>>> print(open('upload_0.cif').read())   # mmCIF, C-alpha atoms and all ligand atoms
data_coords
#
loop_
_atom_site.label_atom_id
_atom_site.label_comp_id
_atom_site.auth_asym_id
_atom_site.auth_seq_id
_atom_site.Cartn_x
_atom_site.Cartn_y
_atom_site.Cartn_z
CA GLY B 32 -106.27 -2.81 28.29
CA PHE B 33 -102.97 -1.79 29.73
CA LEU B 34 -101.26 -5.15 29.34
CA ALA B 35 -102.12 -5.41 25.66
CA CYS B 36 -99.79 -2.47 24.94
CA PHE B 37 -96.74 -4.52 25.92
CA GLU B 38 -94.63 -6.85 23.80
CA PRO B 39 -93.07 -9.87 25.50
CA PHE B 40 -89.55 -8.99 26.54
CA SER B 41 -87.97 -12.18 25.26
CA PRO B 42 -89.18 -13.93 22.09
CA ASP B 43 -89.44 -17.15 24.11
CA HIS B 44 -92.03 -15.61 26.36
CA ASP B 45 -95.73 -15.95 25.70
CA PRO B 46 -97.25 -12.71 27.03
CA ARG B 47 -100.62 -14.37 27.61
CA THR B 48 -99.19 -16.83 30.11
CA GLU B 49 -95.97 -15.16 31.19
CA ALA B 50 -96.95 -11.55 31.75
CA GLY B 51 -96.67 -12.05 35.49
CA THR B 52 -99.29 -11.58 38.18
CA GLY B 53 -100.69 -8.92 40.48
CA PRO B 54 -101.77 -5.33 40.12
CA ILE B 55 -99.88 -3.16 37.61
CA SER B 56 -98.61 0.21 38.85
CA VAL B 57 -96.79 2.96 36.97
CA VAL B 58 -94.02 4.15 39.30
CA ILE B 59 -93.62 7.90 39.78
CA TRP B 60 -91.08 9.89 41.79
CA THR B 61 -91.85 13.24 43.32
CA THR B 62 -90.12 15.65 45.69
CA THR B 63 -93.48 17.21 46.59
CA PRO B 64 -95.91 14.58 47.92
CA TRP B 65 -98.41 17.35 48.80
CA THR B 66 -99.03 17.85 45.06
CA LEU B 67 -100.56 14.36 44.69
CA PRO B 68 -104.12 15.56 45.54
CA ALA B 69 -103.90 17.69 42.36
CA ASN B 70 -102.63 14.83 40.19
CA GLN B 71 -104.47 14.71 36.85
CA ALA B 72 -102.22 12.50 34.73
CA VAL B 73 -98.98 10.57 34.46
CA ALA B 74 -96.66 11.79 31.71
CA LEU B 75 -94.35 9.46 29.77
CA ASN B 76 -91.94 10.19 26.94
CA ALA B 77 -93.26 8.81 23.64
CA GLU B 78 -89.78 7.70 22.52
CA LEU B 79 -88.65 5.93 25.67
CA THR B 80 -88.90 2.19 26.28
CA TYR B 81 -90.92 1.20 29.35
CA LEU B 82 -90.63 -2.15 31.05
CA LEU B 83 -93.25 -4.20 32.82
CA VAL B 84 -91.47 -5.91 35.71
CA GLN B 85 -92.62 -8.43 38.26
CA TYR B 86 -91.75 -7.16 41.72
CA GLY B 87 -92.91 -9.50 44.47
CA ASP B 88 -96.67 -9.96 44.07
CA GLU B 89 -97.15 -6.83 41.99
CA ARG B 90 -96.06 -5.52 38.61
CA LEU B 91 -94.37 -2.19 38.01
CA VAL B 92 -93.96 -0.04 34.91
CA LEU B 93 -90.94 2.24 34.57
CA ALA B 94 -88.46 3.42 31.96
CA GLU B 95 -85.84 0.88 30.91
CA ALA B 96 -83.11 3.54 31.15
CA LEU B 97 -83.95 4.16 34.81
CA LEU B 98 -84.74 0.64 35.96
CA ILE B 99 -81.35 -0.10 37.52
CA ALA B 100 -80.99 3.31 39.17
CA ALA B 101 -84.54 3.31 40.51
CA MET B 102 -84.63 -0.31 41.70
CA LYS B 103 -81.24 0.04 43.40
CA ARG B 104 -82.90 2.27 45.92
CA TYR B 105 -84.87 -0.61 47.42
CA ASP B 106 -84.07 -3.95 45.82
CA ASN B 107 -81.81 -4.55 42.89
CA ASP B 108 -82.37 -8.29 42.55
CA GLY B 109 -86.04 -8.74 43.31
CA HIS B 110 -87.46 -7.91 39.92
CA ILE B 111 -88.06 -9.87 36.72
CA ILE B 112 -88.52 -8.14 33.37
CA LEU B 113 -91.71 -9.39 31.71
CA ALA B 114 -92.45 -7.15 28.75
CA SER B 115 -91.67 -3.82 27.12
CA CYS B 116 -93.30 -1.10 25.06
CA THR B 117 -92.78 2.49 23.98
CA GLY B 118 -94.28 5.39 25.90
CA ALA B 119 -96.32 6.17 22.79
CA ALA B 120 -98.11 2.82 23.01
CA LEU B 121 -99.43 3.67 26.49
CA GLU B 122 -100.97 7.06 25.65
CA HIS B 123 -104.57 7.46 26.91
CA GLN B 124 -104.45 4.37 29.12
CA LEU B 125 -106.26 5.09 32.39
CA LEU B 126 -104.63 4.78 35.80
CA GLN B 127 -106.24 4.72 39.22
CA HIS B 128 -105.25 7.70 41.40
CA PRO B 129 -103.40 6.35 44.49
CA PHE B 130 -105.96 7.62 47.03
CA TYR B 131 -108.84 9.35 45.25
CA ASP B 132 -111.72 7.67 43.47
CA ARG B 133 -110.73 8.83 40.01
CA GLN B 134 -108.83 7.64 36.99
CA VAL B 135 -106.22 9.75 35.24
CA PRO B 136 -104.79 9.29 31.74
CA VAL B 137 -101.30 8.46 30.59
CA ILE B 138 -100.13 11.44 28.54
CA LEU B 139 -96.96 12.13 26.55
CA GLY B 140 -94.45 14.96 26.85
CA ASP B 141 -90.89 15.81 25.84
CA HIS B 142 -90.27 17.27 29.30
CA VAL B 143 -90.07 13.69 30.60
CA THR B 144 -86.38 12.79 30.64
CA THR B 145 -84.14 10.04 31.99
CA GLU B 146 -82.07 12.36 34.19
CA ALA B 147 -83.72 11.17 37.41
CA GLY B 148 -86.79 9.37 38.66
CA THR B 149 -88.63 6.63 36.78
CA GLY B 150 -89.45 8.11 33.36
CA ALA B 151 -93.03 8.61 34.54
CA VAL B 152 -93.92 12.08 35.81
CA HIS B 153 -96.74 12.70 38.26
CA THR B 154 -98.58 15.55 36.56
CA ALA B 155 -100.33 18.27 38.56
CA PRO B 156 -101.18 21.03 36.05
CA GLY B 157 -102.06 23.48 38.86
CA HIS B 158 -98.67 23.11 40.55
CA GLY B 159 -95.91 23.00 37.91
CA GLN B 160 -95.04 24.80 34.70
CA ASP B 161 -94.31 21.75 32.52
CA ASP B 162 -97.36 20.08 33.99
CA TYR B 163 -99.47 23.13 33.17
CA ILE B 164 -98.30 23.25 29.55
CA VAL B 165 -98.83 19.54 28.88
CA GLY B 166 -102.07 19.66 30.89
CA ARG B 167 -103.46 22.39 28.63
CA LYS B 168 -102.49 20.37 25.56
CA TYR B 169 -104.49 17.38 26.83
CA GLY B 170 -107.39 19.45 28.17
CA LEU B 171 -106.81 18.30 31.75
CA PRO B 172 -108.39 20.15 34.68
CA ILE B 173 -106.00 22.88 35.94
CA ASP B 174 -106.82 22.30 39.57
CA ASN B 175 -105.10 24.15 42.44
CA PRO B 176 -106.63 22.94 45.71
CA VAL B 177 -104.27 25.08 47.82
CA GLY B 178 -105.08 28.62 49.04
CA ASN B 179 -102.62 31.52 49.11
CA ASP B 180 -101.89 30.68 52.75
CA GLY B 181 -100.53 27.25 51.79
CA VAL B 182 -103.56 25.50 53.28
CA PHE B 183 -105.73 23.02 51.37
CA LEU B 184 -109.17 24.40 50.51
CA PRO B 185 -112.22 23.09 52.46
CA SER B 186 -113.31 21.11 49.39
CA THR B 187 -110.12 19.01 49.35
CA GLU B 188 -110.91 15.42 50.19
CA LEU B 189 -108.67 14.04 53.02
CA PHE B 190 -106.50 17.18 53.32
CA ALA B 191 -108.92 20.09 53.83
CA GLY B 192 -107.55 22.68 56.27
CA LYS B 193 -104.07 21.18 56.33
CA HIS B 194 -100.94 23.10 55.44
CA VAL B 195 -99.00 21.62 52.51
CA PHE B 196 -95.97 20.97 54.71
CA THR B 197 -98.10 18.97 57.14
CA ALA B 198 -99.73 17.22 54.21
CA ASN B 199 -96.35 16.05 52.87
CA ALA B 200 -95.86 13.58 55.73
CA GLU B 201 -99.54 12.60 55.70
CA VAL B 202 -99.52 11.82 51.98
CA ILE B 203 -96.52 9.53 52.52
CA GLU B 204 -98.34 7.83 55.40
CA LEU B 205 -101.50 7.41 53.33
CA LEU B 206 -99.59 5.90 50.40
CA GLN B 207 -97.90 3.52 52.80
CA GLU B 208 -101.24 2.46 54.33
CA ARG B 209 -102.70 1.80 50.88
CA GLY B 210 -99.68 -0.18 49.70
CA LYS B 211 -98.83 2.49 47.13
CA LEU B 212 -95.43 3.57 48.45
CA LEU B 213 -92.36 1.87 47.08
CA HIS B 214 -89.72 4.01 48.75
CA HIS B 215 -89.21 7.32 50.44
CA HIS B 216 -86.21 9.11 51.86
CA ALA B 217 -85.60 12.41 53.61
N1 LIG G 1 -94.52 17.27 38.24
C1 LIG G 1 -93.99 17.73 39.50
C2 LIG G 1 -93.53 16.54 40.36
O1 LIG G 1 -93.44 15.45 39.87
C3 LIG G 1 -95.00 18.55 40.28
C4 LIG G 1 -95.12 19.94 39.74
C5 LIG G 1 -96.31 17.89 40.41
O2 LIG G 1 -93.24 16.66 41.52
#
>>> encode(input="upload_0.cif", output="structure tokens", more="lines below")
Ligand code: VAL
Amino acid sequence: GFLACFEPFSPDHDPRTEAGTGPISVVIWTTTPWTLPANQAVALNAELTYLLVQYGDERLVLAEALLIAAMKRYDNDGHIILASCTGAALEHQLLQHPFYDRQVPVILGDHVTTEAGTGAVHTAPGHGQDDYIVGRKYGLPIDNPVGNDGVFLPSTELFAGKHVFTANAEVIELLQERGKLLHHHA
């Protein structure tokens, strides 16, 4: 599974006994929470190093190059590095969508950079150009659940009939309720 992709971070560590505890989450950053209903993948960069870190009673995955910058936003001291791997090693691993009953794959793309965020890009092929291009490459559904009026289509689970700008706050609330929100700021 997911854990098997990682190498112990320090040679003294035995990954079978020291890979930490709790659910493993890949951390994404987005400026458009309303696009999460159309999430179909999480994109990593094949060449980057990703760390598995213990953070309280859960484990997080994010790019080594962005760990300090990202963790500074909420807690710079509360994490322990457990293991590392390349983005390439995680390709095709399946992740649970944060609020829908579906799994989405880890995919790879050169558009994923270390300029900002976590090195893991929430991918909604129906809502962004890079996401569309990489989505086509991986044969992902190109799903746009939003009508021309900015309102979610009646078939959209949880958000049907809501305007995307209303949905923004509601997605944040939902993530919070489900324990899937690490941080948000205005
Ligand atoms: N990939 C973008 C984001 O992370 C959108 C287009 C989904 O916000």
>>> closest_atom_pairs(input="upload_0.cif", of="chain B", to="ligand LIG 1 (chain G)", cutoff="10 Å", atoms="all atoms listed in the file", output="Markdown table")
| residue | atom | partner | partner_atom | distance |
| --- | --- | --- | --- | --- |
| B:Ile59 | CA | G:LIG1 | O1 | 7.6 |
| B:Trp60 | CA | G:LIG1 | O1 | 6.3 |
| B:Thr61 | CA | G:LIG1 | O2 | 4.1 |
| B:Thr62 | CA | G:LIG1 | O2 | 5.3 |
| B:Thr63 | CA | G:LIG1 | O2 | 5.1 |
| B:Pro64 | CA | G:LIG1 | O2 | 7.2 |
| B:Trp65 | CA | G:LIG1 | C5 | 8.7 |
| B:Thr66 | CA | G:LIG1 | C5 | 5.4 |
| B:Leu67 | CA | G:LIG1 | C5 | 7.0 |
| B:Pro68 | CA | G:LIG1 | C5 | 9.6 |
| B:Ala69 | CA | G:LIG1 | C5 | 7.8 |
| B:Asn70 | CA | G:LIG1 | C5 | 7.0 |
| B:Gln71 | CA | G:LIG1 | C5 | 9.5 |
| B:Ala72 | CA | G:LIG1 | N1 | 9.7 |
| B:Val73 | CA | G:LIG1 | N1 | 8.9 |
| B:Ala74 | CA | G:LIG1 | N1 | 8.8 |
| B:His142 | CA | G:LIG1 | N1 | 9.9 |
| B:Val143 | CA | G:LIG1 | N1 | 9.5 |
| B:Gly148 | CA | G:LIG1 | O1 | 9.1 |
| B:Ala151 | CA | G:LIG1 | O1 | 8.7 |
| B:Val152 | CA | G:LIG1 | O1 | 5.3 |
| B:His153 | CA | G:LIG1 | O1 | 4.6 |
| B:Thr154 | CA | G:LIG1 | N1 | 4.7 |
| B:Ala155 | CA | G:LIG1 | C5 | 4.4 |
| B:Pro156 | CA | G:LIG1 | C4 | 7.2 |
| B:Gly157 | CA | G:LIG1 | C4 | 7.8 |
| B:His158 | CA | G:LIG1 | C4 | 4.8 |
| B:Gly159 | CA | G:LIG1 | C4 | 3.7 |
| B:Gln160 | CA | G:LIG1 | C4 | 7.0 |
| B:Asp161 | CA | G:LIG1 | N1 | 7.3 |
| B:Asp162 | CA | G:LIG1 | N1 | 5.8 |
| B:Tyr163 | CA | G:LIG1 | C4 | 8.5 |
>>> residues_around(input="upload_0.cif", residues="Arg209 (chain B)", least_positions_apart="3", cutoff="12 Å", atoms="all atoms listed in the file", output="NGL selection string")
:B and (128-131 or 202-206 or 212-213)
>>> closest_residue(input="upload_0.cif", among="B:Gly170, B:Gly51, B:Pro176, B:Pro39", to="Ala114 (chain B)", atoms="only C-alpha atoms")
B:Pro39
>>> closest_residue(input="upload_0.cif", among="B:Asn179, B:Thr145, B:Asn76, B:Asn199", to="Ala119 (chain B)", atoms="only C-alpha atoms")
B:Asn76
>>> closest_residue(input="upload_0.cif", among="B:Asp141, B:Glu208, B:Glu122, B:Glu146", to="Leu97 (chain B)", atoms="only C-alpha atoms")
B:Glu146
>>> atom_distance(input="upload_0.cif", atom1="CA of Gly140 (chain B)", atom2="CA of Ala77 (chain B)")
7.0 Å
